Amino acid sequence: MYKTLSIFFIFWIVLNLTGIIDIGMSMGNPVKHKLIAGVLCLDFINTINGHHSGTSNEYIVHYNDLIVWACHAKIFDQKMADFLLQQSAAHPHTSEHIFHQAIELRERLFKIFSALYYQNPVPQNAIDFLSDIHHKGMQHSNLVQKEDRFKWEWKFDKNMEMVLRPITLSATRLLTSENLKRVRECSGSDCDWYFLDTSRNHQRRWCSMKDCGNRHKMKQRYIRLKESLQKTKIIK
Ligand SMILES: [Zn+2]
């Protein structure tokens, strides 16, 4: 009986690990994208997975996805999202251009943070690209006082690329802050999501305990069970 249950459990784990049964990571819909990074620019990098594995789980395949995701990530409210979606319908060539610019930005950000994480040289062209797009974006902002501190406030200029500005600001802030050394890549074997490790002991390993953390735990249990079944076989 124990052996039958063990075999069934192994079979179930294999299905999970191979993705035949989805254990929680939903893909495709920008509204379902899990915002786990703790920083906007890293969540933006995480709108795709599979840089290392070569498989692609993509949340943003059109400008409209970018707007829906930006609203989900609280870059702006629904009213602004509706306005930009209307603009997208009215100016499809512009929206196509900004979509490609956004993907380029995301890939360059990945290269920057990935290089830093693996202690490789940071590609200068990626820094130049970020710096250039950030510089253009900041021309549409004002420094305003909010109670006891100041913040950058975006001008409402109806420009469809306004969606990129908070992302580049987030990236440049992170790159110039002490938090940079707390940026981590998920330890999941098929995951390359990034996050800011704000845990007390700075030992966070997973993008999400429910997804990659759970997969790892199941994998370990699978290995242990397999070994114990093999031992039983040998003893008999
Ligand atoms: Zn992960």
# chains A, B, ... in the order shown; residues from 1 in each chain; ligands from 1
>>> closest_atom_pairs(of="chain A", to="ligand 1", cutoff="9 Å", atoms="only C-alpha atoms and all ligand atoms", output="tab-separated table")
residue	atom	partner	partner_atom_place_in_ligand_line	distance
A:Asn49	CA	ligand 1	1 (Zn)	8.9
A:Glu185	CA	ligand 1	1 (Zn)	7.9
A:Cys186	CA	ligand 1	1 (Zn)	4.6
A:Ser187	CA	ligand 1	1 (Zn)	6.4
A:Gly188	CA	ligand 1	1 (Zn)	4.8
A:Ser189	CA	ligand 1	1 (Zn)	8.0
A:Asp190	CA	ligand 1	1 (Zn)	7.5
A:Cys191	CA	ligand 1	1 (Zn)	4.5
A:Asp192	CA	ligand 1	1 (Zn)	6.3
A:Trp193	CA	ligand 1	1 (Zn)	5.6
A:Tyr194	CA	ligand 1	1 (Zn)	8.1
A:Arg205	CA	ligand 1	1 (Zn)	8.4
A:Trp206	CA	ligand 1	1 (Zn)	5.3
A:Cys207	CA	ligand 1	1 (Zn)	4.2
A:Ser208	CA	ligand 1	1 (Zn)	6.1
A:Met209	CA	ligand 1	1 (Zn)	8.3
A:Asp211	CA	ligand 1	1 (Zn)	6.7
A:Cys212	CA	ligand 1	1 (Zn)	4.6
A:Gly213	CA	ligand 1	1 (Zn)	7.5
>>> closest_atom_pairs(of="stretch 108-145 of chain A", to="stretch 155-159 of chain A", cutoff="12 Å", atoms="only C-alpha atoms", output="Markdown table")
| residue | atom | partner | partner_atom | distance |
| --- | --- | --- | --- | --- |
| A:Gly137 | CA | A:Lys155 | CA | 10.1 |
| A:Met138 | CA | A:Lys155 | CA | 9.7 |
| A:Gln139 | CA | A:Lys155 | CA | 9.1 |
| A:His140 | CA | A:Lys155 | CA | 5.5 |
| A:Ser141 | CA | A:Lys155 | CA | 5.5 |
| A:Asn142 | CA | A:Lys155 | CA | 7.1 |
| A:Leu143 | CA | A:Lys155 | CA | 10.5 |
| A:Val144 | CA | A:Lys155 | CA | 11.3 |
>>> residues_around(residues="A:Ser131", least_positions_apart="3", cutoff="10 Å", atoms="only C-alpha atoms", output="number ranges by chain")
A: 125-128, 134-137, 168-169, 171-172
>>> residues_around(residues="A:Val31", least_positions_apart="3", cutoff="7 Å", atoms="only C-alpha atoms", output="PyMOL selection string")
chain A and resi 68-69+72
>>> write_last_selection(atoms="N, CA and C atoms", output="PDB file, in the first residue's frame")
ATOM      1  N   VAL A  68      -2.190  47.652 -19.957  1.00  0.00           N
ATOM      2  CA  VAL A  68      -2.962  46.874 -18.975  1.00  0.00           C
ATOM      3  C   VAL A  68      -2.042  46.474 -17.808  1.00  0.00           C
ATOM      4  N   TRP A  69      -0.814  46.047 -18.140  1.00  0.00           N
ATOM      5  CA  TRP A  69       0.143  45.670 -17.084  1.00  0.00           C
ATOM      6  C   TRP A  69       0.497  46.883 -16.224  1.00  0.00           C
ATOM      7  N   HIS A  72      -2.136  47.532 -13.834  1.00  0.00           N
ATOM      8  CA  HIS A  72      -2.050  46.464 -12.822  1.00  0.00           C
ATOM      9  C   HIS A  72      -0.907  46.758 -11.831  1.00  0.00           C
TER      10      HIS A  72
END
>>> select_by_dssp(residues="stretch 93-204 of chain A", states="helix (DSSP H, G or I)", output="PyMOL selection string")
chain A and resi 93-117+124-138+160-175+178-182
>>> closest_residue(among="A:Leu42, A:Leu35, A:Ile223, A:Leu174", to="A:Phe110", atoms="only C-alpha atoms")
A:Leu42
>>> atom_distance(atom1="atom CA of A:Leu85", atom2="atom CA of A:Tyr63")
8.5 Å
>>> closest_residue(among="A:Met218, A:Val61, A:Leu229, A:Cys71", to="A:Phe83", atoms="only C-alpha atoms")
A:Cys71
>>> residues_around(residues="A:Ile98", least_positions_apart="5", cutoff="12 Å", atoms="only C-alpha atoms", output="number ranges by chain")
A: 61-67, 84, 88, 91-93, 103-105, 133, 159-165
>>> write_last_selection(atoms="C-alpha atoms", output="mmCIF file, in the first residue's frame")
data_model
loop_
_atom_site.group_PDB
_atom_site.id
_atom_site.type_symbol
_atom_site.label_atom_id
_atom_site.label_comp_id
_atom_site.auth_asym_id
_atom_site.auth_seq_id
_atom_site.Cartn_x
_atom_site.Cartn_y
_atom_site.Cartn_z
ATOM 1 C CA VAL A 61 2.954 41.061 -26.810
ATOM 2 C CA HIS A 62 1.321 44.367 -27.726
ATOM 3 C CA TYR A 63 1.281 47.986 -26.576
ATOM 4 C CA ASN A 64 -2.168 47.375 -25.076
ATOM 5 C CA ASP A 65 -0.733 44.598 -22.871
ATOM 6 C CA LEU A 66 1.871 47.066 -21.680
ATOM 7 C CA ILE A 67 -0.849 49.542 -20.688
ATOM 8 C CA LEU A 84 -3.831 55.401 -23.643
ATOM 9 C CA SER A 88 -3.325 53.122 -29.215
ATOM 10 C CA HIS A 91 -2.324 55.569 -33.623
ATOM 11 C CA PRO A 92 -1.386 51.921 -34.238
ATOM 12 C CA HIS A 93 2.038 52.705 -35.757
ATOM 13 C CA ILE A 103 10.650 45.378 -24.998
ATOM 14 C CA GLU A 104 14.099 46.709 -25.867
ATOM 15 C CA LEU A 105 14.178 48.561 -22.539
ATOM 16 C CA ILE A 133 15.391 57.049 -22.526
ATOM 17 C CA ASN A 159 2.327 61.195 -24.960
ATOM 18 C CA MET A 160 1.862 57.456 -25.432
ATOM 19 C CA GLU A 161 5.385 56.672 -24.226
ATOM 20 C CA MET A 162 4.619 58.099 -20.767
ATOM 21 C CA VAL A 163 4.239 54.496 -19.605
ATOM 22 C CA LEU A 164 8.023 54.006 -19.813
ATOM 23 C CA ARG A 165 8.996 56.985 -17.662
#
>>> atom_distance(atom1="atom CA of A:Asp43", atom2="atom CA of A:Gln145")
27.2 Å
>>> atom_distance(atom1="atom CA of A:Asp197", atom2="atom CA of A:Ala73")
18.9 Å
>>> select_by_dssp(residues="stretch 120-235 of chain A", states="strand (DSSP E or B)", output="list in words")
Ser141, Asn142, Leu143, Val144, Gln145, Lys146, Arg149, Phe150, Lys151, Trp152, Glu153, Trp154, Val183, Arg184, Glu185, Tyr194, Phe195 and Leu196 of chain A
>>> closest_residue(among="A:Arg173, A:Lys181, A:Ile60, A:Arg204", to="A:Phe99", atoms="only C-alpha atoms")
A:Ile60
>>> residues_around(residues="A:Leu196", least_positions_apart="5", cutoff="9 Å", atoms="only C-alpha atoms", output="PyMOL selection string")
chain A and resi 36-39+42+179-185
